[in-house]
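As provided, model_38.tsv (TSV, C-alpha atoms) reads as follows.
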```
chain	number	residue	atom	x	y	z
A	30	MET	CA	-7.36	-87.79	23.93
A	31	PHE	CA	-4.14	-88.44	22.03
A	32	VAL	CA	-1.06	-86.77	23.52
A	33	LEU	CA	2.34	-86.49	21.85
A	34	VAL	CA	5.25	-85.75	24.18
A	35	VAL	CA	8.52	-84.72	22.49
A	36	GLY	CA	11.54	-84.95	24.78
A	37	CYS	CA	11.58	-87.72	27.34
A	38	GLY	CA	13.61	-86.36	30.24
A	39	ARG	CA	12.38	-85.96	33.81
A	40	VAL	CA	9.59	-83.59	32.76
A	41	GLY	CA	8.43	-85.27	29.58
A	42	SER	CA	8.47	-88.78	31.03
A	43	ALA	CA	6.48	-87.72	34.11
A	44	ILE	CA	3.83	-86.02	31.98
A	45	ALA	CA	3.62	-89.06	29.68
A	46	LYS	CA	3.21	-91.48	32.59
A	47	SER	CA	0.53	-89.39	34.27
A	48	MET	CA	-1.47	-88.90	31.08
A	49	LEU	CA	-1.30	-92.62	30.32
A	50	SER	CA	-2.50	-93.57	33.79
A	51	ASP	CA	-5.32	-91.01	33.40
A	52	GLY	CA	-6.48	-93.22	30.53
A	53	HIS	CA	-5.25	-91.21	27.54
A	54	GLU	CA	-3.38	-92.45	24.48
A	55	VAL	CA	0.24	-91.34	24.78
A	56	SER	CA	3.07	-91.27	22.25
A	57	VAL	CA	6.61	-90.24	23.22
A	58	LEU	CA	9.41	-89.11	20.89
A	59	ASP	CA	13.04	-88.88	22.00
A	60	GLU	CA	16.37	-89.03	20.22
A	61	THR	CA	17.90	-91.57	22.59
A	62	PRO	CA	16.52	-95.13	22.75
A	63	GLU	CA	17.59	-95.36	26.41
A	64	ALA	CA	15.11	-92.64	27.39
A	65	ILE	CA	12.35	-95.26	27.50
A	66	ALA	CA	13.84	-96.42	30.83
A	67	LEU	CA	12.47	-93.27	32.48
A	68	LEU	CA	8.97	-94.26	31.38
A	69	GLU	CA	9.36	-97.70	32.93
A	70	THR	CA	10.88	-96.87	36.33
A	71	GLY	CA	8.49	-97.84	39.08
A	72	GLN	CA	6.28	-99.76	36.63
A	73	ASP	CA	5.83	-103.53	36.65
A	74	ARG	CA	5.42	-103.77	32.89
A	75	SER	CA	7.10	-102.26	29.85
A	76	TRP	CA	5.92	-98.91	28.49
A	77	GLU	CA	4.44	-100.57	25.43
A	78	GLU	CA	2.68	-103.26	27.49
A	79	LEU	CA	1.15	-100.44	29.49
A	80	GLY	CA	-0.26	-99.11	26.22
A	81	GLY	CA	2.14	-96.27	25.50
A	82	SER	CA	4.12	-95.86	22.31
A	83	PHE	CA	7.72	-94.72	21.91
A	84	THR	CA	9.54	-93.47	18.82
A	85	VAL	CA	13.26	-92.84	18.51
A	86	GLY	CA	14.00	-89.79	16.40
A	87	THR	CA	15.09	-86.17	16.27
A	88	ALA	CA	12.41	-83.65	17.10
A	89	LEU	CA	13.15	-81.46	14.07
A	90	GLU	CA	12.77	-84.34	11.61
A	91	ILE	CA	9.29	-84.25	10.13
A	92	ASP	CA	9.43	-88.00	9.46
A	93	ALA	CA	9.99	-88.69	13.16
A	94	LEU	CA	7.10	-86.42	14.16
A	95	LEU	CA	4.84	-88.15	11.62
A	96	GLU	CA	5.86	-91.58	12.85
A	97	ALA	CA	5.06	-90.50	16.40
A	98	GLY	CA	1.58	-89.46	15.23
A	99	VAL	CA	1.70	-85.65	15.13
A	100	GLU	CA	-1.03	-85.52	12.49
A	101	ARG	CA	-3.67	-86.90	14.82
A	102	ALA	CA	-2.41	-85.39	18.09
A	103	ASP	CA	-4.96	-83.53	20.22
A	104	ALA	CA	-2.21	-82.19	22.47
A	105	PHE	CA	1.51	-81.64	21.93
A	106	VAL	CA	4.09	-81.20	24.70
A	107	ALA	CA	7.51	-79.78	23.72
A	108	SER	CA	9.82	-80.83	26.55
A	109	THR	CA	13.27	-81.46	25.09
A	110	ASP	CA	16.28	-79.98	26.90
A	111	GLY	CA	16.69	-77.23	24.28
A	112	ASP	CA	14.62	-74.04	24.47
A	113	ASN	CA	15.11	-73.27	20.80
A	114	THR	CA	14.24	-76.79	19.71
A	115	ASN	CA	11.08	-76.62	21.81
A	116	LEU	CA	10.07	-73.25	20.39
A	117	VAL	CA	10.61	-74.40	16.80
A	118	ILE	CA	8.79	-77.74	17.06
A	119	ALA	CA	5.92	-76.17	18.99
A	120	GLN	CA	5.39	-73.68	16.18
A	121	VAL	CA	5.63	-76.50	13.63
A	122	ALA	CA	2.98	-78.46	15.57
A	123	GLN	CA	0.74	-75.42	15.84
A	124	ARG	CA	1.07	-73.94	12.36
A	125	ARG	CA	1.76	-76.91	10.13
A	126	PHE	CA	-0.09	-79.73	11.86
A	127	GLU	CA	-2.70	-77.54	13.56
A	128	VAL	CA	-2.53	-79.46	16.83
A	129	PRO	CA	-5.30	-77.90	18.99
A	130	LYS	CA	-3.31	-77.72	22.24
A	131	VAL	CA	0.44	-77.08	22.22
A	132	VAL	CA	2.44	-76.49	25.40
A	133	VAL	CA	6.15	-75.63	25.45
A	134	ARG	CA	8.74	-75.75	28.15
A	135	VAL	CA	11.12	-72.78	27.93
A	136	LEU	CA	13.77	-72.35	30.62
A	137	ASP	CA	14.71	-68.78	29.66
A	138	PRO	CA	12.10	-66.38	31.15
A	139	ALA	CA	12.72	-63.71	28.49
A	140	ARG	CA	12.08	-65.98	25.53
A	141	ALA	CA	9.15	-67.65	27.34
A	142	SER	CA	7.52	-64.29	27.91
A	143	TRP	CA	7.98	-62.97	24.37
A	144	TYR	CA	6.74	-66.15	22.71
A	145	ARG	CA	3.76	-66.23	25.08
A	146	ASP	CA	2.85	-62.78	23.76
A	147	GLN	CA	3.05	-64.24	20.24
A	148	GLY	CA	0.40	-66.83	21.09
A	149	LEU	CA	2.36	-69.87	22.26
A	150	SER	CA	1.50	-71.56	25.57
A	151	THR	CA	4.95	-71.38	27.13
A	152	ILE	CA	5.64	-72.72	30.58
A	153	CYS	CA	8.76	-71.38	32.27
A	154	PRO	CA	10.00	-73.46	35.24
A	155	THR	CA	12.71	-70.87	35.92
A	156	GLN	CA	10.13	-68.10	36.33
A	157	THR	CA	8.04	-70.32	38.62
A	158	ALA	CA	11.12	-71.11	40.72
A	159	ILE	CA	12.01	-67.41	40.92
A	160	GLU	CA	8.54	-66.53	42.16
A	161	LEU	CA	8.41	-69.33	44.75
A	162	LEU	CA	11.89	-68.63	46.06
A	163	LEU	CA	11.27	-64.91	46.16
A	164	ASP	CA	8.03	-65.42	48.09
A	165	ALA	CA	9.85	-67.62	50.60
A	166	VAL	CA	12.65	-65.08	51.09
A	167	ARG	CA	10.19	-62.20	51.40
A	168	ASP	CA	8.24	-64.13	54.02
A	169	ALA	CA	11.45	-64.56	55.95
A	170	ALA	CA	12.24	-60.85	55.58
A	171	ARG	CA	8.85	-59.85	56.92
A	172	GLU	CA	9.25	-62.25	59.83
A	173	HIS	CA	12.69	-60.81	60.49
A	174	GLU	CA	11.34	-57.24	60.58
A	175	ARG	CA	8.39	-58.23	62.78
A	176	VAL	CA	10.56	-59.93	65.36
A	177	GLY	CA	13.02	-57.07	65.03
B	21	MET	CA	25.78	-50.55	7.61
B	22	TYR	CA	25.76	-52.19	11.07
B	23	VAL	CA	25.76	-55.97	10.73
B	24	LEU	CA	25.25	-58.36	13.63
B	25	ILE	CA	26.57	-61.87	13.00
B	26	VAL	CA	25.62	-64.69	15.37
B	27	GLY	CA	28.08	-67.58	15.28
B	28	ALA	CA	31.85	-67.23	14.85
B	29	GLY	CA	32.50	-70.48	13.02
B	30	LYS	CA	34.22	-70.47	9.64
B	31	VAL	CA	31.25	-68.83	7.96
B	32	GLY	CA	30.69	-66.15	10.59
B	33	TRP	CA	34.35	-65.30	11.03
B	34	ASN	CA	35.12	-64.99	7.33
B	35	LEU	CA	31.96	-63.03	6.74
B	36	ALA	CA	32.91	-60.61	9.52
B	37	ARG	CA	36.37	-60.15	8.01
B	38	GLU	CA	35.03	-59.48	4.50
B	39	LEU	CA	32.35	-57.07	5.68
B	40	ASP	CA	34.89	-55.24	7.82
B	41	ASP	CA	37.21	-54.90	4.79
B	42	ARG	CA	34.33	-53.38	2.87
B	43	GLY	CA	33.95	-50.73	5.53
B	44	HIS	CA	30.91	-52.02	7.40
B	45	GLU	CA	30.54	-52.01	11.16
B	46	VAL	CA	30.39	-55.61	12.33
B	47	MET	CA	29.63	-57.29	15.65
B	48	VAL	CA	29.95	-61.05	16.12
B	49	VAL	CA	28.41	-63.05	18.97
B	50	GLU	CA	29.86	-66.45	19.91
B	51	SER	CA	28.97	-68.79	22.79
B	52	ASN	CA	31.95	-71.14	22.61
B	53	GLN	CA	34.72	-69.87	24.89
B	54	SER	CA	37.71	-71.13	22.91
B	55	ARG	CA	36.35	-70.06	19.55
B	56	TYR	CA	35.53	-66.67	21.02
B	57	ALA	CA	39.11	-66.33	22.30
B	58	THR	CA	40.58	-67.23	18.89
B	59	VAL	CA	38.44	-64.82	16.92
B	60	GLU	CA	38.78	-62.08	19.52
B	61	GLU	CA	42.54	-61.91	18.87
B	62	GLU	CA	41.77	-60.65	15.39
B	63	LEU	CA	38.46	-58.83	15.69
B	64	GLN	CA	39.07	-57.43	19.20
B	65	HIS	CA	36.04	-55.29	20.03
B	66	GLY	CA	34.13	-56.73	17.10
B	67	ILE	CA	33.12	-59.85	19.02
B	68	GLN	CA	31.16	-60.50	22.21
B	69	TYR	CA	30.91	-63.67	24.23
B	70	GLY	CA	27.43	-65.06	24.87
B	71	ASP	CA	24.54	-67.22	23.70
B	72	GLY	CA	23.09	-65.35	20.75
B	73	SER	CA	19.66	-66.85	21.25
B	74	GLU	CA	19.36	-65.01	24.58
B	75	LEU	CA	17.59	-61.71	24.14
B	76	TRP	CA	19.82	-59.76	26.52
B	77	VAL	CA	22.92	-60.93	24.63
B	78	LEU	CA	21.43	-59.70	21.35
B	79	GLU	CA	20.50	-56.40	22.98
B	80	ARG	CA	23.98	-55.96	24.44
B	81	ALA	CA	25.35	-56.52	20.92
B	82	GLY	CA	23.12	-53.71	19.65
B	83	ILE	CA	20.44	-55.60	17.77
B	84	GLN	CA	18.08	-52.61	18.11
B	85	ARG	CA	20.21	-50.57	15.74
B	86	ALA	CA	21.33	-53.41	13.45
B	87	ASP	CA	20.68	-52.90	9.74
B	88	MET	CA	21.18	-56.59	9.17
B	89	VAL	CA	21.33	-59.77	11.25
B	90	VAL	CA	23.10	-62.88	9.97
B	91	ALA	CA	22.41	-66.12	11.89
B	92	VAL	CA	25.15	-68.63	11.05
B	93	THR	CA	25.49	-70.93	14.04
B	94	GLY	CA	25.83	-74.68	13.53
B	95	ASP	CA	22.33	-75.33	14.91
B	96	ASP	CA	19.31	-74.77	12.73
B	97	GLU	CA	16.91	-74.33	15.66
B	98	ASP	CA	19.14	-71.53	17.00
B	99	ASN	CA	19.34	-69.85	13.59
B	100	ILE	CA	15.56	-70.02	13.19
B	101	LEU	CA	14.93	-68.53	16.64
B	102	ILE	CA	17.51	-65.77	16.28
B	103	SER	CA	16.11	-64.79	12.87
B	104	GLN	CA	12.52	-64.89	14.04
B	105	VAL	CA	13.25	-62.74	17.07
B	106	ALA	CA	15.42	-60.32	15.05
B	107	ARG	CA	12.66	-59.67	12.57
B	108	GLU	CA	9.55	-59.89	14.70
B	109	LYS	CA	10.71	-58.54	18.06
B	110	TYR	CA	13.41	-56.09	17.06
B	111	GLY	CA	12.11	-55.13	13.62
B	112	VAL	CA	15.40	-55.82	11.79
B	113	GLU	CA	14.51	-55.55	8.12
B	114	ARG	CA	17.23	-57.68	6.62
B	115	VAL	CA	17.86	-61.10	8.14
B	116	ILE	CA	19.90	-63.85	6.51
B	117	SER	CA	20.01	-67.30	8.00
B	118	ARG	CA	22.13	-70.38	7.50
B	119	CYS	CA	20.42	-73.72	7.13
B	120	ASN	CA	22.79	-76.57	8.04
B	121	ASN	CA	20.51	-79.49	7.21
B	122	PRO	CA	18.56	-78.92	3.98
B	123	ARG	CA	15.72	-81.02	5.37
B	124	ASN	CA	15.12	-78.22	7.85
B	125	LEU	CA	14.50	-75.66	5.08
B	126	GLN	CA	10.78	-76.36	5.42
B	127	HIS	CA	10.90	-75.15	9.04
B	128	PHE	CA	12.66	-71.93	8.04
B	129	ASP	CA	10.02	-71.42	5.39
B	130	LEU	CA	7.09	-72.20	7.70
B	131	LEU	CA	8.29	-69.72	10.30
B	132	GLY	CA	8.95	-66.99	7.75
B	133	VAL	CA	12.74	-67.10	8.11
B	134	LYS	CA	14.13	-66.12	4.71
B	135	PRO	CA	16.38	-66.06	2.95
B	136	ALA	CA	17.87	-69.25	4.38
B	137	VAL	CA	21.12	-70.33	2.77
B	138	SER	CA	22.05	-74.00	2.71
B	139	ALA	CA	25.55	-74.84	1.48
B	140	THR	CA	24.58	-78.51	1.24
B	141	ASP	CA	21.63	-77.64	-0.93
B	142	LEU	CA	23.74	-75.42	-3.21
B	143	ILE	CA	26.36	-78.12	-3.68
B	144	LEU	CA	23.64	-80.68	-4.31
B	145	ARG	CA	22.30	-78.50	-7.10
B	146	LEU	CA	25.75	-78.19	-8.62
B	147	ILE	CA	26.12	-81.97	-8.50
B	148	GLU	CA	22.82	-82.31	-10.31
B	149	HIS	CA	24.12	-79.84	-12.88
B	150	GLU	CA	27.31	-81.85	-13.42
B	151	VAL	CA	25.45	-85.16	-13.58
B	152	PRO	CA	22.47	-84.42	-15.82
B	153	LYS	CA	20.82	-87.80	-15.44
B	154	TYR	CA	19.58	-86.57	-12.10
B	155	GLY	CA	17.06	-84.52	-14.03
B	156	PRO	CA	16.50	-80.85	-14.68
B	157	LEU	CA	18.54	-78.26	-12.84
B	158	HIS	CA	16.57	-75.63	-10.99
B	159	LEU	CA	18.42	-72.44	-11.80
B	160	LEU	CA	16.07	-70.13	-10.03
B	161	ASP	CA	13.06	-70.53	-7.79
B	162	LEU	CA	10.96	-67.46	-7.18
B	163	PRO	CA	8.23	-68.78	-4.89
B	164	GLN	CA	6.85	-65.32	-4.17
B	165	GLU	CA	6.60	-64.53	-7.87
B	166	SER	CA	5.36	-68.08	-8.58
B	167	LEU	CA	8.01	-68.80	-11.20
B	168	GLU	CA	10.81	-71.27	-11.73
B	169	ILE	CA	13.53	-71.43	-14.35
B	170	ILE	CA	14.90	-74.87	-15.19
B	171	GLU	CA	17.65	-76.06	-17.50
B	172	LEU	CA	17.12	-79.22	-19.55
B	173	ASP	CA	19.34	-81.21	-21.89
B	174	VAL	CA	17.68	-82.17	-25.15
B	175	ALA	CA	18.10	-85.93	-25.58
B	176	ASP	CA	18.48	-87.81	-28.90
B	177	GLU	CA	15.14	-89.24	-29.99
B	178	SER	CA	13.28	-86.82	-27.77
B	179	LEU	CA	10.12	-85.12	-28.95
B	180	ALA	CA	11.91	-81.78	-28.94
B	181	ALA	CA	14.92	-82.86	-31.05
B	182	GLY	CA	14.27	-81.60	-34.58
B	183	SER	CA	11.05	-79.80	-33.67
B	184	GLN	CA	10.19	-76.13	-33.84
B	185	VAL	CA	9.50	-74.49	-30.48
B	186	LYS	CA	5.88	-73.85	-31.45
B	187	GLU	CA	5.34	-77.56	-32.27
B	188	LEU	CA	6.30	-78.74	-28.79
B	189	GLY	CA	2.85	-78.22	-27.32
B	190	LEU	CA	4.23	-77.08	-23.98
B	191	PRO	CA	1.51	-76.35	-21.42
B	192	ASP	CA	0.27	-72.80	-20.80
B	193	GLY	CA	2.39	-71.24	-18.13
B	194	SER	CA	5.68	-72.47	-19.60
B	195	LEU	CA	8.00	-70.89	-22.15
B	196	VAL	CA	11.36	-71.74	-23.72
B	197	ILE	CA	13.39	-68.59	-23.09
B	198	SER	CA	16.80	-69.63	-24.32
B	199	ILE	CA	18.60	-72.29	-26.36
B	200	LEU	CA	22.27	-73.00	-25.70
B	201	ARG	CA	24.15	-74.62	-28.60
B	202	ASP	CA	27.88	-75.03	-29.15
B	203	GLY	CA	28.70	-72.74	-26.27
B	204	THR	CA	26.48	-69.84	-27.31
B	205	GLY	CA	22.92	-69.05	-26.47
B	206	PHE	CA	20.07	-67.33	-28.26
B	207	VAL	CA	16.50	-66.38	-27.54
B	208	PRO	CA	14.30	-68.55	-29.73
B	209	THR	CA	11.20	-67.64	-31.70
B	210	GLY	CA	8.35	-70.07	-32.33
B	211	ASP	CA	10.04	-71.10	-35.58
B	212	SER	CA	13.42	-71.92	-34.04
B	213	VAL	CA	14.34	-75.58	-34.37
B	214	ILE	CA	15.65	-77.37	-31.30
B	215	GLU	CA	18.40	-79.93	-31.86
B	216	ALA	CA	19.51	-82.95	-29.87
B	217	GLY	CA	22.34	-81.91	-27.57
B	218	ASP	CA	21.01	-78.39	-27.01
B	219	GLU	CA	20.43	-77.11	-23.55
B	220	VAL	CA	17.22	-75.18	-23.10
B	221	LEU	CA	16.11	-72.83	-20.38
B	222	VAL	CA	12.43	-72.95	-19.60
B	223	VAL	CA	10.53	-70.56	-17.37
B	224	LEU	CA	7.42	-72.08	-15.85
B	225	ASP	CA	4.78	-71.93	-13.17
B	226	PRO	CA	5.67	-74.15	-10.20
B	227	GLY	CA	4.24	-77.63	-10.59
B	228	LEU	CA	4.41	-77.74	-14.38
B	229	GLU	CA	7.81	-79.42	-14.46
B	230	PRO	CA	6.46	-83.01	-14.80
B	231	SER	CA	4.49	-82.06	-17.91
B	232	VAL	CA	7.37	-80.09	-19.48
B	233	THR	CA	10.31	-82.44	-18.88
B	234	PRO	CA	9.13	-85.43	-21.01
B	235	CYS	CA	9.33	-83.37	-24.23
B	236	PHE	CA	13.09	-83.18	-23.82
B	237	THR	CA	13.95	-86.67	-22.57
B	238	SER	CA	14.39	-89.79	-24.70
B	239	PRO	CA	11.53	-92.32	-24.96
B	240	VAL	CA	13.65	-94.83	-22.99
B	241	ASP	CA	14.08	-92.46	-20.07
B	242	ARG	CA	10.40	-91.63	-20.24
B	243	ALA	CA	9.49	-95.30	-19.94
B	244	ALA	CA	11.87	-95.67	-16.99
```

Take the structure I supplied and represent it as C-alpha cells, if you would.
Amino acid sequence: MFVLVVGCGRVGSAIAKSMLSDGHEVSVLDETPEAIALLETGQDRSWEELGGSFTVGTALEIDALLEAGVERADAFVASTDGDNTNLVIAQVAQRRFEVPKVVVRVLDPARASWYRDQGLSTICPTQTAIELLLDAVRDAAREHERVG
Amino acid sequence: MYVLIVGAGKVGWNLARELDDRGHEVMVVESNQSRYATVEEELQHGIQYGDGSELWVLERAGIQRADMVVAVTGDDEDNILISQVAREKYGVERVISRCNNPRNLQHFDLLGVKPAVSATDLILRLIEHEVPKYGPLHLLDLPQESLEIIELDVADESLAAGSQVKELGLPDGSLVISILRDGTGFVPTGDSVIEAGDEVLVVLDPGLEPSVTPCFTSPVDRAA
C-alpha cells in the first residue's frame, strides 16, 4: 500500500516509520527540510536509503501534494500541527483526489466530533487523553470511597 | 442585520466600522491579544477575544443568530473552516470569505466556500486590464450560470478589424454584446463593422475563449 503522511512531527514521523518497516511504500510531506531528521533518528541509514520518500512543501499547495504522490495514495494521514490545515487537506484528499482512506488528527474535540459526523475519520488525541485521565481519576475516587 | 466578523486585521476592523456606521449590529472575533486590545478601544463591546475557529468562541459571539458571517483572518485554512462550519453547522445563509493566496481559491471552491474574495486576484485582473498584452480581461465569471464575459482589444491586421460581426464566424455559444469606440459603446447588430482599436465585450460559454480570442489578435501574436 502507498501511504502519504502530511506533517512530519512526532506523530507523523512515527506513523511513517512504522508503516515503512511494515513493508509499505511511504511518502512524507513537510514544510521544513529539517523534519527529515525525525524520520532518521534511531536508524542506521538515511530515510531515502531505507526506501522512504520526502518532499518539502506546504500542505495546502496542490503542487506539493502532487509531487508527494497524492494521486496514487491508498491512504492519507493529515498530521500537521494545525487543526484547520489538517481538516482542509483531508477534505481535499478525500473529495478531489478520492484517496480511499483518509485519517486526520484534530486536537480540538469539538471540531473533531463535528467533522467525524460529516464523514471524516478524525482522531482526537485530546479526547483520548481526557478519557484515559478521567478513568484513572475515577478509579482513584472509587478506591478512596472503598477504603473510606 | 447581525454580522459576525472573524479577524480584526485591517480588513475586519474597517469592515466592522463601516457596517456599524450603516446601522448594522457587528461582532468581531480576534485571537491576537494586542490587536484585540487596540480594536477594543474603539469597538468596545463589539469585539471578543478568542480563536474564531473554535466552535465555542463562535457560539459565544452569537453565530446562531448571525445573518452573515465574514471570515477575514490572514490564514486561508482558518477562513475555509470558519465558513464551512458557519454554513453547514450553524446554517448561516450568507457567508463571505477572504482568500489570501489566490492559489488557494480552488480549495474554497472545492469545499463550497463562496463567495471567496481575493484582493491579490482582483489587483492581478486590474493589472491585466492595464497591460493588455497579457490577454483578454475576464470582466465577469458566472460559473453557476455557465457564462463568462471577456473584454478584448481589436488588433490591427486582425481578422475582426474591418469585418462585420456576422462575418467573424464566432463559435456557437459566443456573442459580441458591445463595441467600445472613441470612449463610447454601442450594442452591435450583425451588420456592424468592427474596427482596429475597438474594444469588444464578448459573452461566452466557459472554455470557448481559445477559439474566440484569435479573431481579435494580430497574425503575429497568433503565431507567437

- Residues of chain A within 9 Å of chain B, only C-alpha atoms counted, as a list in words: Leu89, Glu90, Ile91, Asn113, Thr114, Asn115, Leu116, Val117, Ile118, Gln120, Val121, Arg124, Arg125, Asp137, Ala139, Arg140 and Trp143 of chain A

- atom CA of B:Pro226 and atom CA of B:Glu165, how far apart in Å?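 If I compute the distance from atom CA of B:Glu165 to atom CA of B:Pro226, I get 9.9 Å.
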
- Message: Excluding stretch 70-83 of chain A and its own-chain neighbours fewer than 4 positions away, which residues fall within 12 Å of it when counting all atoms listed in the file? Please give them as a VMD selection string.
- Response: chain A and resid 31 to 37 39 42 to 43 45 to 66 93 to 94 96 to 98

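Coordinates place atom CA of B:Gly217 at a distance of 24.8 Å from atom CA of B:Asp192.
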
- Calculate how many Å separate atom CA of A:Ala165 from atom CA of A:Thr151, rounding to one decimal.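 Calculated distance between atom CA of A:Ala165 and atom CA of A:Thr151 is 24.3 Å.
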
- Task: Point out the residue among B:Cys235, B:Glu229, B:Val133, B:Ser166 with the least atom-to-atom distance to B:Ala180, counting all atoms listed in the file.
- Result: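 Nearest to B:Ala180: B:Cys235.
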